[in-house]
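Trainee: This is the structure I want to talk about, given as structure tokens.
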Amino acid sequence: MRSQRTIKKELTFEGLGLHTGVHTKVRLRPASVDTGIVFHRVNKNASFSAQVGSVIDTAFATTIGNERARVRTVEHLLATLSALSIHNLNIEVDGPEIPILDGSAIQIAELILSAGIKKQKKKMPYIRILAPIVLEDTHSSVAIYPYEGRKITFRLFFKNHFLGEQSMSLDLSEDTFIQEIASARTFGFLKDVEYLRANGLAKGGSLDNAVIFSATHVVNESGLRYADECVRHKILDSIGDFSLIPLPIEGHIVADKSGHTTNIRFLKKLLSCRECWEIANDEVEKEACPVLSYSYIY
Ligand SMILES: [Zn+2]
């Protein structure tokens, strides 16, 4: 059983939000055991934990918040925390969106690794999958199967596009995340850029923070970081979304063309299928286990 972990010292990063175009500063502060991952919108006097009940929007990004304030595009930061097993953290944000940086999670991962990770004096419980859980949406699906470890398989299919099919299967660890996933960037299609802009989205988007594809080629002059960068980025997004159950999940996630909306629907189904999983950690008192405090589980 692993210990709970936080960061050794405070760190900050800042930049433009992909969708809002607003410059935001983020401060990550160490937190004590059993805090979980908690966002604080400074100047708005609003705090909310990174859990599925806080999700208020899943269109083009995952947005969490409450009636007072929100934070958009949390998935890359949350994916990094999940992959590096940071369980307790206070995240102070002075704007409406986590900065997109270079479109990937590598800068955040490097910042956290350079600040250092601190083991805490309490074990971290985790969810062990006992029976398959499957969610089918119109054009996508997500399933999880019993597995010793954290594994994710993703398949992506671009109909009538030169990208075609991409699929990848990964045993998630700190090393595989850094080497295979963290550098994969946000991507989009030239034909969608106008639509996004017309709907007030992607205001901060540029070729510096997203890979853009035309019908026939990669628009960015620098090209791709991986031939299959898209599916790697979808895995990154999924790791972030799945971390909104605030306990690590041991199991094999198999996702087919899923996005934020399907991922969050899947998490709700997982939580409600109480006989499909157990909390593994004999040392944890039921009352002290944060995931069990959510009323919709029972
Ligand atoms: Zn993303």
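Simple scheme: letters A, B, ... for chains in structure tokens order, numbers from 1 for residues in each chain, numbers from 1 for ligands in the order shown.
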Could the residues that lie within 12 Å of ligand 1, counting only C-alpha atoms and all ligand atoms, be listed as a PyMOL selection string?
Mentor: chain A and resi 18-19+58-62+72-80+98-105+181-188+209-211+229-241+259-260
Trainee: Find the residues near stretch 127-131 of chain A: any atom within 8 Å, counting only C-alpha atoms, skip ones fewer than 6 places away on the same chain, and give them as a list in words.
Mentor: Ile144, Tyr145, Pro146, Tyr147, Leu247, Pro248, Ile249, Glu250, Gly251, Glu275, Cys276, Trp277, Glu278, Ile279 and Ala280 of chain A
Trainee: Taking the chain letters and numbering used in this document, name the residues of stretch 138-273 of chain A that DSSP puts in strand (DSSP E or B), as a PyMOL selection string.
Mentor: chain A and resi 141-145+150-157+165-171+187-189+211-213+218+249-256
Trainee: Please return, as number ranges by chain, all residues of stretch 50-263 of chain A that DSSP assigns to helix (DSSP H, G or I) on the basis of the backbone.
Mentor: A: 52-54, 75-83, 106-115, 174-181, 190-198, 229-242, 260-263
Trainee: Which residue, A:Ile212, A:Asn263, A:Gly21, A:Lys123, has the smallest gap to A:Asp192 when you use only C-alpha atoms?
Mentor: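 Ranked by minimum distance to A:Asp192, first place goes to A:Ile212.
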Trainee: Which neighbours of A:Val142 fall inside 8 Å, counting only C-alpha atoms, when residues of the same chain fewer than 2 positions from it are skipped, and could you give them as an NGL selection string?
Mentor: :A and (134-136 or 140 or 144 or 253-256 or 258 or 262-263 or 266)
